[in-house]
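K.L.:
Before anything else, here's the structure in question.
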Amino acid sequence: MFGYVRPYTSELLVREYAQYKAVYCQLCRVLGQEYGPLARFALSYDCAFYALLALSVSSAQIEEQRRRCVCNPLKACTYLPSPGEEYKKAAALCVLLTYHKLRDDLDDSGFFRSLGSRLLLLNASPKAKKAKARYPFLARQAEQAMLAQRQAEDSQAGVDQCAEPTAKLLEAVFSELAGCDGRQRPALERFGYFLGRWIYLMDAADDLQDDLREGSFNPFIARFGLTGKTSLTEEERAQAEAACNASLNATASQLVLALNLLDLDGFGPIVENIAAKGLPQIQKEILFLHVKEKPRRELKGL
Amino acid sequence: MTDPYKVLGVSRSANDDEIKDAYRKLAKKYHPDQYADSPLKELADEKMKEINEAYDTITAQRKGGQYGYNGAQNSVHYNNGSGFSDVRSLIMSGRIADAEQILNGVPGDRRNAEWYFLKGSVLYRRGWLEEAKDHFSTACQMEPGNGEYSAALNQAMSQRGGMYGGDNPNQSMNAGGAIPVICVLVC
């Protein structure tokens with residue numbers, strides 16, 4: 001996954017923001033405990049979101065702890081441990097998705113460009129094996145998604161078809177969270193489907209310029225009739241971005257419908273903030289404010 | 001029965017206006033119209049029923065007035081003049097895969113506006129929002145005056161505008177700003 005699933009912090013309560021950070025820190029800690037310190041680099045906002053959702057669906061027990069930060073011994077962090085499986089599953093998901101991302105990079109680029117991925121894979125492969133042994137369901141879903149993704153991209157499929165594997169992956173992973181609670185399952189599945197779809201489309205929209213320049217596959221290229229172009233004029237770019245935004249909006253509006261029907265305890269308001277406000281904010285930052293092209297100091301006010 | 005105050009998320013000491021407010025907010029959230037094309041329709045109806053009952057119970061307890069809710073509308077319904085009544089009833093009963101199989105078996109020369117509308121409805125329910133929109137707009141082009149098809153296209157387009165989720169870049173500008181974008185997309 002790609003780190004697009006983040007809260008819109010200025011609209012979180014201070015207490016909620018602290019809880020979000022504590023869940024994030026706890027996931028980082030669990031990752032280290034389960035898969036070694038290097039695995040902490042696999043930590044992502046998306047997996048933190050998974051942990052938040054899992055803890056909210058299962059109404060898990062949590063208690064606050066204050067301890068040293070695992071990375072910086074001079075800093076104190078709040079942690080929110082839970083005795084259940086939620087963090088462990090989120091950690092396994094981080095490891096598995098990072099592993100597949102590295103594998104994917106390896107297949108996409110030449111020998112020298114992929115050297116970095118090769119080195120990281122030396123470390124990631126045994127970790128992924130461990131995660132697979134513990135959570136075969138998650139591993140199977142991730143593998144299937146990567147395979148279907150490859151097939152879709154090789155056959156130059158349309159936008160919907162290309163988004164399907166990521167969408168189905170999250171659909172299955174969220175469906176599993178329902179456990180024996182049949183009442184929540186349909187809404188969780190639908191929420192997962194559209195969140196996965198949104199993530200894929202956001203990533204494709206974000207990469208559009210790079211993919212055009214490098215001639216890589218991107219489903220939006222054929223969709224907007226940009227095949228053969230290597231760069232876009234300002235006007236073309238604005239038009240493409242508005243069209244990407246429309247696709248993302250359509251997806252986000254379905255996602256909100258599913259979210260409305262979920263019964264969430266605990267971190268419910270944070271999950272709602274992320275889905276209803278965090279995602280649109282990312283769309284805005286990437287498609288209209290172009291934050292990735294601006295120097296850091298200019299971004300302070302955003 | 002569950003506590004009606006809890007269902008509406010209000011305290012027992014809330015006054016009638018606060019209760020009405022909470023009810024309206026939830027009714028908007030679970031509004032059956034927005035779930036008309038969604039597989040989650042049943043769940044939404046259930047939630048709607050729950051809050052309706054809770055609201056009715058509270059108002060009856062307090063002997064307040066009634067606040068009813070007008071029924072849902074579904075964008076695919078029975079149509080006597082339809083050449084695809086079997087597909088329509090499959091879609092209505094949620095058998096999307098079966099409906100799609102029949103639609104895919106229709107030869108190219110028999111694919112009229114209704115075919116594109118129904119195929120779009122199938123795609124929409126599956127979450128293939130891009131192709132769904134394309135099919136709805138083909139249906140509208142083939143038969144411009146049809147209310148059913150244009151309602152489906154309008155819904156798909158307004159969701160793309162960012163009013164129901166996502167980001168609307170024209171929000172802070174004047175209302176006219178949103179129109180050119182939609183025109184470009186439809187044409």
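Please note that chains go A, B, ... in the order of the structure tokens, that every chain numbers its residues from 1, and that ligands are numbered from 1 in the order shown.
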Any idea what's packed within 12 Å of Glu285 of chain A, counting only C-alpha atoms, ignoring anything in its chain fewer than 3 positions away? Could you give it as a list in words?
P.N.:
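Counting only the stated atoms, we get Tyr4, Tyr8, Met202, Asp206, Glu241, Asn245, Gly278, Leu279, Pro280, Gln281, Ile282, Phe288, Leu289, His290, Val291, Lys292, Glu293, Lys294, Leu299 and Leu302 of chain A; Asp167 and Pro169 of chain B.
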K.L.:
Those same residues - N, CA and C atoms - I'd like them written as a CSV table (one decimal), in the first residue's frame.
P.N.:
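Result file part24.csv:
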```csv
chain,number,residue,atom,x,y,z
A,4,TYR,N,-1.6,6.7,1.6
A,4,TYR,CA,-2.5,7.7,1.3
A,4,TYR,C,-3.6,7.8,2.3
A,8,TYR,N,-7.2,13.6,8.6
A,8,TYR,CA,-7.2,15.1,8.4
A,8,TYR,C,-7.0,15.7,9.8
A,202,MET,N,-5.8,6.5,-6.6
A,202,MET,CA,-5.0,7.6,-6.1
A,202,MET,C,-3.6,7.4,-6.5
A,206,ASP,N,-1.5,9.8,-9.0
A,206,ASP,CA,-0.2,10.4,-8.5
A,206,ASP,C,0.9,10.1,-9.4
A,241,GLU,N,-6.0,15.8,-14.3
A,241,GLU,CA,-6.2,15.7,-12.9
A,241,GLU,C,-7.6,15.9,-12.4
A,245,ASN,N,-9.7,13.2,-10.4
A,245,ASN,CA,-10.4,13.6,-9.2
A,245,ASN,C,-11.9,13.2,-9.2
A,278,GLY,N,-9.9,12.7,5.5
A,278,GLY,CA,-8.5,12.5,5.2
A,278,GLY,C,-8.3,12.2,3.7
A,279,LEU,N,-9.1,11.3,3.2
A,279,LEU,CA,-9.0,10.9,1.8
A,279,LEU,C,-9.2,12.1,0.8
A,280,PRO,N,-10.3,12.9,1.0
A,280,PRO,CA,-10.4,14.1,0.1
A,280,PRO,C,-9.2,15.0,0.2
A,281,GLN,N,-8.7,15.2,1.4
A,281,GLN,CA,-7.6,16.1,1.6
A,281,GLN,C,-6.3,15.6,0.8
A,282,ILE,N,-6.1,14.3,0.8
A,282,ILE,CA,-5.0,13.8,0.0
A,282,ILE,C,-5.2,14.0,-1.5
A,288,PHE,N,-4.3,19.0,-6.8
A,288,PHE,CA,-4.5,20.4,-7.0
A,288,PHE,C,-3.4,21.3,-6.4
A,289,LEU,N,-2.9,20.9,-5.2
A,289,LEU,CA,-1.8,21.7,-4.6
A,289,LEU,C,-0.5,21.2,-5.0
A,290,HIS,N,-0.4,20.0,-5.6
A,290,HIS,CA,0.9,19.4,-6.0
A,290,HIS,C,2.0,19.5,-4.9
A,291,VAL,N,1.6,19.0,-3.7
A,291,VAL,CA,2.6,19.2,-2.6
A,291,VAL,C,3.9,18.5,-2.8
A,292,LYS,N,3.9,17.4,-3.7
A,292,LYS,CA,5.1,16.6,-3.8
A,292,LYS,C,6.2,17.4,-4.6
A,293,GLU,N,5.7,18.5,-5.3
A,293,GLU,CA,6.7,19.2,-6.1
A,293,GLU,C,7.1,20.5,-5.4
A,294,LYS,N,6.7,20.7,-4.2
A,294,LYS,CA,7.0,21.9,-3.5
A,294,LYS,C,8.0,21.7,-2.4
A,299,LEU,N,5.3,24.0,2.7
A,299,LEU,CA,4.1,23.1,3.0
A,299,LEU,C,3.7,23.3,4.5
A,302,LEU,N,0.0,24.2,5.3
A,302,LEU,CA,-1.1,23.3,4.8
A,302,LEU,C,-1.6,22.4,5.9
B,167,ASP,N,-13.1,15.2,-2.9
B,167,ASP,CA,-12.7,16.6,-2.8
B,167,ASP,C,-13.4,17.3,-4.0
B,169,PRO,N,-12.9,20.6,-5.9
B,169,PRO,CA,-12.0,21.7,-6.0
B,169,PRO,C,-12.7,23.1,-6.2
```
K.L.:
When you get a sec, could you note down which chain B residues fall within 6 Å of chain A, using only C-alpha atoms, as a PDB file with N, CA and C atoms, in the first residue's frame?
P.N.:
```pdb
ATOM      1  N   TRP B 128     -17.695  -0.915 -10.549  1.00  0.00           N
ATOM      2  CA  TRP B 128     -16.901  -0.476 -11.709  1.00  0.00           C
ATOM      3  C   TRP B 128     -17.446   0.862 -12.190  1.00  0.00           C
ATOM      4  N   GLN B 159     -21.980  12.312  -8.085  1.00  0.00           N
ATOM      5  CA  GLN B 159     -21.028  11.698  -7.150  1.00  0.00           C
ATOM      6  C   GLN B 159     -19.602  12.038  -7.536  1.00  0.00           C
ATOM      7  N   ARG B 160     -19.371  12.221  -8.832  1.00  0.00           N
ATOM      8  CA  ARG B 160     -18.019  12.569  -9.275  1.00  0.00           C
ATOM      9  C   ARG B 160     -17.677  13.997  -8.927  1.00  0.00           C
ATOM     10  N   GLY B 162     -17.926  15.449  -6.119  1.00  0.00           N
ATOM     11  CA  GLY B 162     -17.334  15.611  -4.800  1.00  0.00           C
ATOM     12  C   GLY B 162     -18.305  16.074  -3.729  1.00  0.00           C
ATOM     13  N   TYR B 164     -20.652  14.177  -2.358  1.00  0.00           N
ATOM     14  CA  TYR B 164     -21.014  13.090  -1.454  1.00  0.00           C
ATOM     15  C   TYR B 164     -19.806  12.380  -0.869  1.00  0.00           C
ATOM     16  N   GLY B 165     -18.630  12.839  -1.170  1.00  0.00           N
ATOM     17  CA  GLY B 165     -17.410  12.196  -0.705  1.00  0.00           C
ATOM     18  C   GLY B 165     -16.326  12.617  -1.650  1.00  0.00           C
ATOM     19  N   GLY B 166     -15.094  12.678  -1.165  1.00  0.00           N
ATOM     20  CA  GLY B 166     -14.012  13.124  -2.023  1.00  0.00           C
ATOM     21  C   GLY B 166     -13.857  14.626  -1.956  1.00  0.00           C
ATOM     22  N   ASP B 167     -13.115  15.166  -2.903  1.00  0.00           N
ATOM     23  CA  ASP B 167     -12.737  16.568  -2.832  1.00  0.00           C
ATOM     24  C   ASP B 167     -13.383  17.331  -3.968  1.00  0.00           C
TER      25      ASP B 167
END
```
K.L.:
Do a neighbour search on His135 of chain B at 12 Å with only C-alpha atoms, toss out local chain neighbours closer than 2 positions, and write the hits as a VMD selection string.
P.N.:
chain B and resid 111 to 124 128 to 133 137 to 142 149 to 150 152 to 153 156 186
K.L.:
Closest to Gln209 of chain A among A:Arg140, A:Lys127, A:Arg118, A:Arg237, using only C-alpha atoms?
P.N.:
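That would be A:Arg237, the residue with the smallest distance to Gln209 of chain A.
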K.L.:
So what do you get for atom CA of Tyr35 of chain A versus atom CA of Arg66 of chain A, distance-wise?
P.N.:
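Between atom CA of Tyr35 of chain A and atom CA of Arg66 of chain A the gap works out to 22.4 Å.
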K.L.:
May I ask which of the residues B:Leu8, B:Ser93, B:Gly83, B:Phe136 is the closest one to Lys47 of chain B, counting only C-alpha atoms?
P.N.:
B:Leu8
K.L.:
Write out as a ChimeraX atom specification which residues come within 8 Å of Tyr23 of chain B when counting only C-alpha atoms, dropping same-chain ones fewer than 4 positions away.
P.N.:
/B:8,19,27,51,55
K.L.:
Go ahead and write the residues just picked, N, CA and C atoms, as a tab-separated table (two decimals), in the first residue's frame.
P.N.:
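What ended up in selection-v1.tsv:
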```tsv
chain	number	residue	atom	x	y	z
B	8	LEU	N	-30.71	6.90	18.66
B	8	LEU	CA	-30.57	8.23	18.06
B	8	LEU	C	-29.33	8.97	18.57
B	19	ILE	N	-33.80	16.10	19.56
B	19	ILE	CA	-34.13	14.74	19.09
B	19	ILE	C	-34.46	14.76	17.61
B	27	ALA	N	-31.28	10.16	9.52
B	27	ALA	CA	-32.12	9.83	8.36
B	27	ALA	C	-31.40	10.20	7.07
B	51	ILE	N	-34.05	3.62	13.31
B	51	ILE	CA	-34.14	5.00	13.80
B	51	ILE	C	-35.58	5.50	13.70
B	55	TYR	N	-37.45	6.92	16.87
B	55	TYR	CA	-38.02	8.27	16.87
B	55	TYR	C	-39.51	8.21	17.19
```
K.L.:
Given the choices A:Leu80, A:Leu74, A:Leu120, A:Ala172, which gets closest to Ala22 of chain A if the distance is worked out from only C-alpha atoms?
P.N.:
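Counting only C-alpha atoms, the residue closest to Ala22 of chain A is A:Leu80.
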K.L.:
Give me the residues near Val87 of chain B as JSON, numbers by chain, where near means some atom within 12 Å (using only C-alpha atoms) and where sequence neighbours in that chain fewer than 2 positions away do not count.
P.N.:
{"B": [76, 77, 78, 79, 82, 83, 84, 85, 89, 90, 91, 92, 93, 94, 95, 96, 97, 98, 99, 100, 101, 102, 103, 104, 105, 106, 114, 115, 117, 118, 119, 121, 122]}
K.L.:
At what distance in Å, to one decimal, does atom CA of Glu171 of chain A lie from atom CA of Lys101 of chain A?
P.N.:
19.1 Å
K.L.:
Go through segment 5-98 of chain B and collect every residue that DSSP, computed from the backbone, puts in alpha helix (DSSP H); the answer should be as an mmCIF file with N, CA and C atoms, in the first residue's frame.
P.N.:
```cif
data_model
loop_
_atom_site.group_PDB
_atom_site.id
_atom_site.type_symbol
_atom_site.label_atom_id
_atom_site.label_comp_id
_atom_site.auth_asym_id
_atom_site.auth_seq_id
_atom_site.Cartn_x
_atom_site.Cartn_y
_atom_site.Cartn_z
ATOM 1 N N TYR B 5 -33.281 6.149 22.821
ATOM 2 C CA TYR B 5 -32.409 7.320 22.946
ATOM 3 C C TYR B 5 -30.989 6.991 22.489
ATOM 4 N N LYS B 6 -30.594 5.745 22.806
ATOM 5 C CA LYS B 6 -29.261 5.310 22.406
ATOM 6 C C LYS B 6 -29.168 5.189 20.882
ATOM 7 N N VAL B 7 -30.245 4.680 20.286
ATOM 8 C CA VAL B 7 -30.270 4.529 18.827
ATOM 9 C C VAL B 7 -30.063 5.885 18.148
ATOM 10 N N LEU B 8 -30.712 6.904 18.664
ATOM 11 C CA LEU B 8 -30.574 8.235 18.059
ATOM 12 C C LEU B 8 -29.331 8.971 18.565
ATOM 13 N N ASP B 16 -37.096 18.237 22.497
ATOM 14 C CA ASP B 16 -37.697 17.721 21.255
ATOM 15 C C ASP B 16 -36.908 18.154 20.022
ATOM 16 N N ASP B 17 -36.425 19.390 20.033
ATOM 17 C CA ASP B 17 -35.682 19.879 18.865
ATOM 18 C C ASP B 17 -34.381 19.112 18.660
ATOM 19 N N GLU B 18 -33.717 18.841 19.776
ATOM 20 C CA GLU B 18 -32.450 18.097 19.671
ATOM 21 C C GLU B 18 -32.698 16.694 19.127
ATOM 22 N N ILE B 19 -33.803 16.096 19.564
ATOM 23 C CA ILE B 19 -34.128 14.744 19.093
ATOM 24 C C ILE B 19 -34.458 14.763 17.610
ATOM 25 N N LYS B 20 -35.232 15.762 17.219
ATOM 26 C CA LYS B 20 -35.587 15.882 15.797
ATOM 27 C C LYS B 20 -34.321 16.073 14.966
ATOM 28 N N ASP B 21 -33.431 16.877 15.485
ATOM 29 C CA ASP B 21 -32.164 17.158 14.810
ATOM 30 C C ASP B 21 -31.337 15.889 14.613
ATOM 31 N N ALA B 22 -31.212 15.125 15.717
ATOM 32 C CA ALA B 22 -30.428 13.883 15.672
ATOM 33 C C ALA B 22 -31.069 12.913 14.691
ATOM 34 N N TYR B 23 -32.401 12.857 14.731
ATOM 35 C CA TYR B 23 -33.107 11.950 13.825
ATOM 36 C C TYR B 23 -32.864 12.353 12.364
ATOM 37 N N ARG B 24 -32.964 13.640 12.102
ATOM 38 C CA ARG B 24 -32.792 14.099 10.716
ATOM 39 C C ARG B 24 -31.389 13.814 10.210
ATOM 40 N N LYS B 25 -30.416 14.009 11.086
ATOM 41 C CA LYS B 25 -29.029 13.741 10.699
ATOM 42 C C LYS B 25 -28.861 12.274 10.314
ATOM 43 N N LEU B 26 -29.409 11.389 11.161
ATOM 44 C CA LEU B 26 -29.284 9.956 10.892
ATOM 45 C C LEU B 26 -30.094 9.562 9.662
ATOM 46 N N ALA B 27 -31.276 10.157 9.515
ATOM 47 C CA ALA B 27 -32.122 9.831 8.365
ATOM 48 C C ALA B 27 -31.405 10.198 7.071
ATOM 49 N N LYS B 28 -30.652 11.294 7.122
ATOM 50 C CA LYS B 28 -29.887 11.707 5.954
ATOM 51 C C LYS B 28 -28.770 10.705 5.674
ATOM 52 N N LYS B 29 -28.166 10.242 6.772
ATOM 53 C CA LYS B 29 -27.051 9.305 6.657
ATOM 54 C C LYS B 29 -27.505 7.981 6.040
ATOM 55 N N LYS B 41 -28.295 -2.035 0.438
ATOM 56 C CA LYS B 41 -29.614 -1.434 0.589
ATOM 57 C C LYS B 41 -30.367 -2.002 1.795
ATOM 58 N N GLU B 42 -30.334 -3.344 1.905
ATOM 59 C CA GLU B 42 -31.080 -3.979 2.997
ATOM 60 C C GLU B 42 -30.613 -3.486 4.353
ATOM 61 N N LEU B 43 -29.292 -3.427 4.489
ATOM 62 C CA LEU B 43 -28.712 -2.991 5.758
ATOM 63 C C LEU B 43 -29.122 -1.555 6.051
ATOM 64 N N ALA B 44 -29.092 -0.718 5.019
ATOM 65 C CA ALA B 44 -29.477 0.681 5.194
ATOM 66 C C ALA B 44 -30.950 0.774 5.578
ATOM 67 N N ASP B 45 -31.786 -0.046 4.926
ATOM 68 C CA ASP B 45 -33.216 -0.033 5.263
ATOM 69 C C ASP B 45 -33.431 -0.432 6.714
ATOM 70 N N GLU B 46 -32.654 -1.430 7.125
ATOM 71 C CA GLU B 46 -32.768 -1.911 8.498
ATOM 72 C C GLU B 46 -32.430 -0.788 9.492
ATOM 73 N N LYS B 47 -31.329 -0.094 9.186
ATOM 74 C CA LYS B 47 -30.912 1.014 10.059
ATOM 75 C C LYS B 47 -31.987 2.101 10.065
ATOM 76 N N MET B 48 -32.523 2.373 8.880
ATOM 77 C CA MET B 48 -33.551 3.403 8.750
ATOM 78 C C MET B 48 -34.758 3.027 9.601
ATOM 79 N N LYS B 49 -35.110 1.722 9.539
ATOM 80 C CA LYS B 49 -36.269 1.256 10.304
ATOM 81 C C LYS B 49 -36.006 1.438 11.797
ATOM 82 N N GLU B 50 -34.773 1.090 12.184
ATOM 83 C CA GLU B 50 -34.393 1.219 13.585
ATOM 84 C C GLU B 50 -34.572 2.652 14.084
ATOM 85 N N ILE B 51 -34.049 3.616 13.306
ATOM 86 C CA ILE B 51 -34.144 5.000 13.802
ATOM 87 C C ILE B 51 -35.581 5.504 13.696
ATOM 88 N N ASN B 52 -36.321 5.034 12.677
ATOM 89 C CA ASN B 52 -37.732 5.427 12.599
ATOM 90 C C ASN B 52 -38.487 4.956 13.834
ATOM 91 N N GLU B 53 -38.249 3.677 14.200
ATOM 92 C CA GLU B 53 -38.931 3.130 15.373
ATOM 93 C C GLU B 53 -38.549 3.892 16.632
ATOM 94 N N ALA B 54 -37.227 4.157 16.736
ATOM 95 C CA ALA B 54 -36.756 4.873 17.928
ATOM 96 C C ALA B 54 -37.407 6.241 18.013
ATOM 97 N N TYR B 55 -37.449 6.919 16.873
ATOM 98 C CA TYR B 55 -38.023 8.270 16.867
ATOM 99 C C TYR B 55 -39.511 8.213 17.194
ATOM 100 N N ASP B 56 -40.203 7.234 16.577
ATOM 101 C CA ASP B 56 -41.636 7.095 16.849
ATOM 102 C C ASP B 56 -41.888 6.806 18.318
ATOM 103 N N THR B 57 -41.063 5.910 18.879
ATOM 104 C CA THR B 57 -41.236 5.568 20.288
ATOM 105 C C THR B 57 -41.080 6.801 21.168
ATOM 106 N N ILE B 58 -40.034 7.556 20.890
ATOM 107 C CA ILE B 58 -39.785 8.732 21.729
ATOM 108 C C ILE B 58 -40.905 9.752 21.571
ATOM 109 N N THR B 59 -41.297 9.989 20.318
ATOM 110 C CA THR B 59 -42.353 10.999 20.136
ATOM 111 C C THR B 59 -43.664 10.525 20.752
ATOM 112 N N ALA B 60 -43.923 9.199 20.653
ATOM 113 C CA ALA B 60 -45.152 8.691 21.269
ATOM 114 C C ALA B 60 -45.092 8.871 22.778
ATOM 115 N N GLN B 61 -43.888 8.563 23.318
ATOM 116 C CA GLN B 61 -43.718 8.736 24.765
ATOM 117 C C GLN B 61 -43.944 10.179 25.168
ATOM 118 N N ARG B 62 -43.451 11.058 24.364
ATOM 119 C CA ARG B 62 -43.554 12.471 24.713
ATOM 120 C C ARG B 62 -44.807 13.117 24.141
ATOM 121 N N SER B 85 -37.026 -7.498 -19.469
ATOM 122 C CA SER B 85 -37.681 -7.567 -18.160
ATOM 123 C C SER B 85 -37.035 -8.630 -17.278
ATOM 124 N N ASP B 86 -36.499 -9.701 -17.912
ATOM 125 C CA ASP B 86 -35.830 -10.735 -17.106
ATOM 126 C C ASP B 86 -34.593 -10.155 -16.417
ATOM 127 N N VAL B 87 -33.823 -9.345 -17.173
ATOM 128 C CA VAL B 87 -32.620 -8.747 -16.597
ATOM 129 C C VAL B 87 -32.998 -7.788 -15.474
ATOM 130 N N ARG B 88 -34.052 -7.002 -15.699
ATOM 131 C CA ARG B 88 -34.484 -6.059 -14.671
ATOM 132 C C ARG B 88 -34.838 -6.776 -13.376
ATOM 133 N N SER B 89 -35.573 -7.895 -13.500
ATOM 134 C CA SER B 89 -35.963 -8.542 -12.246
ATOM 135 C C SER B 89 -34.755 -9.198 -11.576
ATOM 136 N N LEU B 90 -33.789 -9.662 -12.379
ATOM 137 C CA LEU B 90 -32.572 -10.220 -11.767
ATOM 138 C C LEU B 90 -31.812 -9.142 -11.004
ATOM 139 N N ILE B 91 -31.678 -7.961 -11.615
ATOM 140 C CA ILE B 91 -30.955 -6.875 -10.948
ATOM 141 C C ILE B 91 -31.671 -6.486 -9.663
ATOM 142 N N MET B 92 -33.016 -6.410 -9.754
ATOM 143 C CA MET B 92 -33.772 -6.000 -8.568
ATOM 144 C C MET B 92 -33.641 -6.997 -7.432
ATOM 145 N N ILE B 96 -26.732 -10.116 -9.628
ATOM 146 C CA ILE B 96 -25.991 -9.277 -10.569
ATOM 147 C C ILE B 96 -25.243 -10.119 -11.606
ATOM 148 N N ALA B 97 -24.620 -11.214 -11.138
ATOM 149 C CA ALA B 97 -23.817 -12.029 -12.059
ATOM 150 C C ALA B 97 -24.700 -12.646 -13.139
ATOM 151 N N ASP B 98 -25.899 -13.114 -12.737
ATOM 152 C CA ASP B 98 -26.819 -13.708 -13.711
ATOM 153 C C ASP B 98 -27.266 -12.665 -14.721
#
```
K.L.:
What does the structure give for the distance between atom CA of Leu212 of chain A and atom CA of Ser117 of chain A, in Å to one decimal?
P.N.:
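Value for the atom CA of Leu212 of chain A-atom CA of Ser117 of chain A distance: 22.8 Å.
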